[in-house]
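J.: Got a structure here, written out as structure tokens. Questions coming.
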Amino acid sequence: MATQLPTIVPVLPSANIERDLAWYNEKTGFKTLFVHDMYAGIRRKHLTIHLQGHADTYNDPLLGGSVIKIFVPNIKLLFEEFVKRGTINNNKLRLNTPWNTHEFGFYDTNNNAIFFVEDID
């Protein structure tokens with residue numbers, strides 16, 4: 001029997017879980033699933049992201065700079081929502097990239113890059 005791979009959940013570093021939960025709620029529409037100490041989960045429809053707290057010290061670096069790409073159909077509607085939320089400016093939608101996508105992205109409060117991407121034919 002073959003192993004199934006039904007989903008993947010990225011874990012992004014966070015310097016401040018409470019602050020970041022509020023930011024994701026306001027700026028992206030992701031809602032809090034759970035919070036336990038320095039670990040939290042957020043969800044929007046069938047997408048889940050976990051946030052893991054880091055002290056940003058030598059022994060516990062924040063790191064930052066993680067990148068996730070979320071593939072969606074009909075990206076223009078989502079883009080308009082994020083412009084309205086104030087998450088991005090209305091000039092951030094890249095259409096017809098050389099790799100055959102439409103996409104936009106932004107950084108969260110820990111410098112993690114989040115891209116929404118639509119494959120085009």
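Scheme for the structure tokens: letters A, B, ... for chains in order shown; per-chain residue numbers from 1; ligand numbers from 1 in order shown.
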Using only C-alpha atoms, which residues sit within 12 Å of Gly29 (chain A) once same-chain residues fewer than 6 positions away are excluded, as a ChimeraX atom specification?
T.: /A:21-23,42-45,47-48,78,81-82,84-87
J.: Would you list, as a PyMOL selection string, the residues of chain A that end up in strand (DSSP E or B) under DSSP run on this structure's backbone?
T.: chain A and resi 11-14+31-36+39-44+47-53+67-71+94+101-107+113-119
J.: Please provide the set of residues having any atom within 10 Å of Pro61 (chain A), restricted to only C-alpha atoms, with same-chain residues fewer than 5 positions apart removed, written as a PyMOL selection string.
T.: chain A and resi 13+15+53-56
J.: Any chance you can output those residues with all heavy atoms as a PDB file, in the first residue's frame?
T.:
ATOM      1  N   PRO A  13       9.066  30.864  11.957  1.00  0.00           N
ATOM      2  CA  PRO A  13       9.554  31.410  13.216  1.00  0.00           C
ATOM      3  C   PRO A  13       8.819  32.695  13.592  1.00  0.00           C
ATOM      4  O   PRO A  13       8.403  33.458  12.726  1.00  0.00           O
ATOM      5  CB  PRO A  13      11.035  31.687  12.940  1.00  0.00           C
ATOM      6  CG  PRO A  13      11.143  31.818  11.468  1.00  0.00           C
ATOM      7  CD  PRO A  13      10.067  30.956  10.884  1.00  0.00           C
ATOM      8  N   ALA A  15       8.933  35.941  16.645  1.00  0.00           N
ATOM      9  CA  ALA A  15       9.557  36.591  17.789  1.00  0.00           C
ATOM     10  C   ALA A  15       8.528  36.945  18.852  1.00  0.00           C
ATOM     11  O   ALA A  15       8.869  37.181  20.009  1.00  0.00           O
ATOM     12  CB  ALA A  15      10.294  37.857  17.347  1.00  0.00           C
ATOM     13  N   GLY A  53       7.699  30.117  18.439  1.00  0.00           N
ATOM     14  CA  GLY A  53       8.400  31.228  19.067  1.00  0.00           C
ATOM     15  C   GLY A  53       9.886  30.984  19.193  1.00  0.00           C
ATOM     16  O   GLY A  53      10.328  29.866  19.460  1.00  0.00           O
ATOM     17  N   HIS A  54      10.640  32.055  18.993  1.00  0.00           N
ATOM     18  CA  HIS A  54      12.088  32.041  19.162  1.00  0.00           C
ATOM     19  C   HIS A  54      12.498  33.319  19.871  1.00  0.00           C
ATOM     20  O   HIS A  54      11.909  34.376  19.656  1.00  0.00           O
ATOM     21  CB  HIS A  54      12.810  31.952  17.810  1.00  0.00           C
ATOM     22  CG  HIS A  54      12.638  30.616  17.154  1.00  0.00           C
ATOM     23  ND1 HIS A  54      13.448  29.553  17.423  1.00  0.00           N
ATOM     24  CD2 HIS A  54      11.726  30.182  16.256  1.00  0.00           C
ATOM     25  CE1 HIS A  54      13.061  28.508  16.715  1.00  0.00           C
ATOM     26  NE2 HIS A  54      12.009  28.862  15.993  1.00  0.00           N
ATOM     27  N   ALA A  55      13.498  33.233  20.716  1.00  0.00           N
ATOM     28  CA  ALA A  55      13.944  34.385  21.511  1.00  0.00           C
ATOM     29  C   ALA A  55      14.859  35.320  20.738  1.00  0.00           C
ATOM     30  O   ALA A  55      15.167  36.403  21.210  1.00  0.00           O
ATOM     31  CB  ALA A  55      14.661  33.895  22.767  1.00  0.00           C
ATOM     32  N   ASP A  56      15.296  34.927  19.564  1.00  0.00           N
ATOM     33  CA  ASP A  56      16.231  35.689  18.745  1.00  0.00           C
ATOM     34  C   ASP A  56      17.529  35.983  19.501  1.00  0.00           C
ATOM     35  O   ASP A  56      18.018  37.100  19.538  1.00  0.00           O
ATOM     36  CB  ASP A  56      15.597  36.976  18.221  1.00  0.00           C
ATOM     37  CG  ASP A  56      16.348  37.501  16.992  1.00  0.00           C
ATOM     38  OD1 ASP A  56      17.091  36.723  16.363  1.00  0.00           O
ATOM     39  OD2 ASP A  56      16.199  38.692  16.676  1.00  0.00           O
TER      40      ASP A  56
END
J.: Measuring atom to atom with only C-alpha atoms, identify which of A:Met38, A:Ala2, A:Leu62, A:Leu33 is nearest to Asn110 (chain A).
T.: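 Among the listed residues, the smallest separation from Asn110 (chain A) belongs to A:Leu62.
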J.: Nearest to Thr28 (chain A): which of A:Thr97, A:Leu77, A:Ala40, A:Ile88 is it, counting only C-alpha atoms?
T.: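 Going through A:Thr97, A:Leu77, A:Ala40, A:Ile88 one by one, the smallest distance to Thr28 (chain A) is for A:Ile88.
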J.: Choose the residue, out of A:Tyr58, A:Tyr39, A:Phe71, A:Phe34, that has the smallest atom-to-atom separation from Ile114 (chain A); count only C-alpha atoms.
T.: A:Phe71
J.: Given the choices A:Leu51, A:Asp119, A:Met1, A:Lys27, which gets closest to Phe106 (chain A) if the distance is worked out from only C-alpha atoms?
T.: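 Comparing A:Leu51, A:Asp119, A:Met1, A:Lys27 against Phe106 (chain A), the winner is A:Lys27.
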J.: Kindly give the distance, in Å, that separates CA of Leu63 (chain A) and CA of Trp99 (chain A), rounded to a single decimal.
T.: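 These two atoms are separated by 28.1 Å.
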J.: Using the chain letters and numbers from this document, which residues of chain A does DSSP assign to alpha helix (DSSP H), as a ChimeraX atom specification?
T.: /A:17-28,75-85
J.: For the selection just defined, write its residues with N, CA, C and O atoms to a file, as a PDB file, in the first residue's frame.
T.:
ATOM      1  N   ILE A  17       4.524  35.626  19.524  1.00  0.00           N
ATOM      2  CA  ILE A  17       3.340  34.871  19.088  1.00  0.00           C
ATOM      3  C   ILE A  17       2.072  35.719  19.145  1.00  0.00           C
ATOM      4  O   ILE A  17       1.299  35.758  18.180  1.00  0.00           O
ATOM      5  N   GLU A  18       1.836  36.406  20.251  1.00  0.00           N
ATOM      6  CA  GLU A  18       0.611  37.203  20.403  1.00  0.00           C
ATOM      7  C   GLU A  18       0.514  38.274  19.316  1.00  0.00           C
ATOM      8  O   GLU A  18      -0.532  38.443  18.682  1.00  0.00           O
ATOM      9  N   ARG A  19       1.590  39.003  19.097  1.00  0.00           N
ATOM     10  CA  ARG A  19       1.614  40.040  18.055  1.00  0.00           C
ATOM     11  C   ARG A  19       1.341  39.436  16.682  1.00  0.00           C
ATOM     12  O   ARG A  19       0.561  39.959  15.892  1.00  0.00           O
ATOM     13  N   ASP A  20       2.001  38.303  16.403  1.00  0.00           N
ATOM     14  CA  ASP A  20       1.892  37.707  15.079  1.00  0.00           C
ATOM     15  C   ASP A  20       0.514  37.115  14.820  1.00  0.00           C
ATOM     16  O   ASP A  20       0.008  37.196  13.701  1.00  0.00           O
ATOM     17  N   LEU A  21      -0.120  36.558  15.845  1.00  0.00           N
ATOM     18  CA  LEU A  21      -1.492  36.067  15.674  1.00  0.00           C
ATOM     19  C   LEU A  21      -2.422  37.218  15.307  1.00  0.00           C
ATOM     20  O   LEU A  21      -3.266  37.085  14.417  1.00  0.00           O
ATOM     21  N   ALA A  22      -2.269  38.352  15.972  1.00  0.00           N
ATOM     22  CA  ALA A  22      -3.099  39.524  15.664  1.00  0.00           C
ATOM     23  C   ALA A  22      -2.836  40.003  14.233  1.00  0.00           C
ATOM     24  O   ALA A  22      -3.775  40.341  13.497  1.00  0.00           O
ATOM     25  N   TRP A  23      -1.571  40.012  13.816  1.00  0.00           N
ATOM     26  CA  TRP A  23      -1.230  40.466  12.465  1.00  0.00           C
ATOM     27  C   TRP A  23      -1.833  39.546  11.412  1.00  0.00           C
ATOM     28  O   TRP A  23      -2.439  40.011  10.442  1.00  0.00           O
ATOM     29  N   TYR A  24      -1.674  38.232  11.570  1.00  0.00           N
ATOM     30  CA  TYR A  24      -2.225  37.293  10.596  1.00  0.00           C
ATOM     31  C   TYR A  24      -3.751  37.398  10.528  1.00  0.00           C
ATOM     32  O   TYR A  24      -4.344  37.308   9.460  1.00  0.00           O
ATOM     33  N   ASN A  25      -4.389  37.603  11.668  1.00  0.00           N
ATOM     34  CA  ASN A  25      -5.842  37.744  11.688  1.00  0.00           C
ATOM     35  C   ASN A  25      -6.274  38.976  10.896  1.00  0.00           C
ATOM     36  O   ASN A  25      -7.145  38.898  10.028  1.00  0.00           O
ATOM     37  N   GLU A  26      -5.635  40.099  11.158  1.00  0.00           N
ATOM     38  CA  GLU A  26      -6.022  41.341  10.499  1.00  0.00           C
ATOM     39  C   GLU A  26      -5.572  41.407   9.044  1.00  0.00           C
ATOM     40  O   GLU A  26      -6.342  41.792   8.159  1.00  0.00           O
ATOM     41  N   LYS A  27      -4.335  41.033   8.771  1.00  0.00           N
ATOM     42  CA  LYS A  27      -3.746  41.278   7.465  1.00  0.00           C
ATOM     43  C   LYS A  27      -3.923  40.147   6.462  1.00  0.00           C
ATOM     44  O   LYS A  27      -3.727  40.354   5.268  1.00  0.00           O
ATOM     45  N   THR A  28      -4.257  38.926   6.919  1.00  0.00           N
ATOM     46  CA  THR A  28      -4.334  37.806   5.982  1.00  0.00           C
ATOM     47  C   THR A  28      -5.630  37.021   6.053  1.00  0.00           C
ATOM     48  O   THR A  28      -5.891  36.192   5.185  1.00  0.00           O
ATOM     49  N   ILE A  75      -6.400  34.350  -8.739  1.00  0.00           N
ATOM     50  CA  ILE A  75      -5.597  35.118  -7.787  1.00  0.00           C
ATOM     51  C   ILE A  75      -6.034  36.573  -7.670  1.00  0.00           C
ATOM     52  O   ILE A  75      -5.837  37.197  -6.631  1.00  0.00           O
ATOM     53  N   LYS A  76      -6.652  37.125  -8.702  1.00  0.00           N
ATOM     54  CA  LYS A  76      -6.997  38.552  -8.674  1.00  0.00           C
ATOM     55  C   LYS A  76      -7.972  38.898  -7.558  1.00  0.00           C
ATOM     56  O   LYS A  76      -7.849  39.947  -6.927  1.00  0.00           O
ATOM     57  N   LEU A  77      -8.932  38.013  -7.268  1.00  0.00           N
ATOM     58  CA  LEU A  77      -9.861  38.274  -6.172  1.00  0.00           C
ATOM     59  C   LEU A  77      -9.135  38.297  -4.826  1.00  0.00           C
ATOM     60  O   LEU A  77      -9.389  39.161  -3.985  1.00  0.00           O
ATOM     61  N   LEU A  78      -8.222  37.364  -4.626  1.00  0.00           N
ATOM     62  CA  LEU A  78      -7.447  37.324  -3.392  1.00  0.00           C
ATOM     63  C   LEU A  78      -6.536  38.545  -3.291  1.00  0.00           C
ATOM     64  O   LEU A  78      -6.400  39.153  -2.225  1.00  0.00           O
ATOM     65  N   PHE A  79      -5.933  38.919  -4.407  1.00  0.00           N
ATOM     66  CA  PHE A  79      -5.078  40.102  -4.437  1.00  0.00           C
ATOM     67  C   PHE A  79      -5.856  41.341  -4.009  1.00  0.00           C
ATOM     68  O   PHE A  79      -5.385  42.128  -3.175  1.00  0.00           O
ATOM     69  N   GLU A  80      -7.051  41.514  -4.545  1.00  0.00           N
ATOM     70  CA  GLU A  80      -7.873  42.677  -4.186  1.00  0.00           C
ATOM     71  C   GLU A  80      -8.206  42.682  -2.696  1.00  0.00           C
ATOM     72  O   GLU A  80      -8.229  43.745  -2.060  1.00  0.00           O
ATOM     73  N   GLU A  81      -8.448  41.516  -2.126  1.00  0.00           N
ATOM     74  CA  GLU A  81      -8.716  41.425  -0.685  1.00  0.00           C
ATOM     75  C   GLU A  81      -7.510  41.909   0.123  1.00  0.00           C
ATOM     76  O   GLU A  81      -7.652  42.676   1.079  1.00  0.00           O
ATOM     77  N   PHE A  82      -6.305  41.474  -0.262  1.00  0.00           N
ATOM     78  CA  PHE A  82      -5.109  41.845   0.492  1.00  0.00           C
ATOM     79  C   PHE A  82      -4.762  43.320   0.317  1.00  0.00           C
ATOM     80  O   PHE A  82      -4.216  43.937   1.224  1.00  0.00           O
ATOM     81  N   VAL A  83      -5.096  43.898  -0.822  1.00  0.00           N
ATOM     82  CA  VAL A  83      -4.938  45.348  -0.997  1.00  0.00           C
ATOM     83  C   VAL A  83      -5.888  46.068  -0.049  1.00  0.00           C
ATOM     84  O   VAL A  83      -5.505  47.010   0.654  1.00  0.00           O
ATOM     85  N   LYS A  84      -7.139  45.612   0.006  1.00  0.00           N
ATOM     86  CA  LYS A  84      -8.139  46.230   0.876  1.00  0.00           C
ATOM     87  C   LYS A  84      -7.755  46.119   2.351  1.00  0.00           C
ATOM     88  O   LYS A  84      -7.979  47.043   3.130  1.00  0.00           O
ATOM     89  N   ARG A  85      -7.146  45.002   2.736  1.00  0.00           N
ATOM     90  CA  ARG A  85      -6.702  44.814   4.118  1.00  0.00           C
ATOM     91  C   ARG A  85      -5.511  45.711   4.469  1.00  0.00           C
ATOM     92  O   ARG A  85      -5.149  45.862   5.624  1.00  0.00           O
TER      93      ARG A  85
END
J.: What separation in Å, quoted to one decimal, exists between CA of Gly65 (chain A) and CA of Val9 (chain A)?
T.: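 Interatomic distance, CA of Gly65 (chain A) to CA of Val9 (chain A): 16.8 Å.
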J.: Can you measure CA of Phe115 (chain A) to CA of Val67 (chain A) for me? One decimal in Å is fine.
T.: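 Rounded to one decimal, the two atoms are 7.7 Å apart.
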J.: Compile the contact shell of region 91-93 of chain A as a PyMOL selection string: residues with an atom at most 8 Å away, counting only C-alpha atoms, same-chain residues fewer than 5 positions apart removed.
T.: chain A and resi 79+102-105
J.: Would you put the residues from that selection into a file with N, CA, C and O atoms, as a CSV table (one decimal), in the first residue's frame?
T.:
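Result written to again24.csv:
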chain,number,residue,atom,x,y,z
A,79,PHE,N,-5.9,38.9,-4.4
A,79,PHE,CA,-5.1,40.1,-4.4
A,79,PHE,C,-5.9,41.3,-4.0
A,79,PHE,O,-5.4,42.1,-3.2
A,102,HIS,N,0.9,34.0,-12.2
A,102,HIS,CA,0.6,35.3,-11.7
A,102,HIS,C,0.9,35.1,-10.2
A,102,HIS,O,0.5,34.1,-9.6
A,103,GLU,N,1.4,36.2,-9.5
A,103,GLU,CA,1.7,36.0,-8.1
A,103,GLU,C,1.9,37.4,-7.4
A,103,GLU,O,2.1,38.4,-8.0
A,104,PHE,N,1.7,37.3,-6.1
A,104,PHE,CA,2.0,38.5,-5.2
A,104,PHE,C,2.5,37.9,-3.9
A,104,PHE,O,2.2,36.7,-3.6
A,105,GLY,N,3.2,38.7,-3.2
A,105,GLY,CA,3.7,38.3,-1.9
A,105,GLY,C,3.9,39.4,-1.0
A,105,GLY,O,3.9,40.6,-1.3
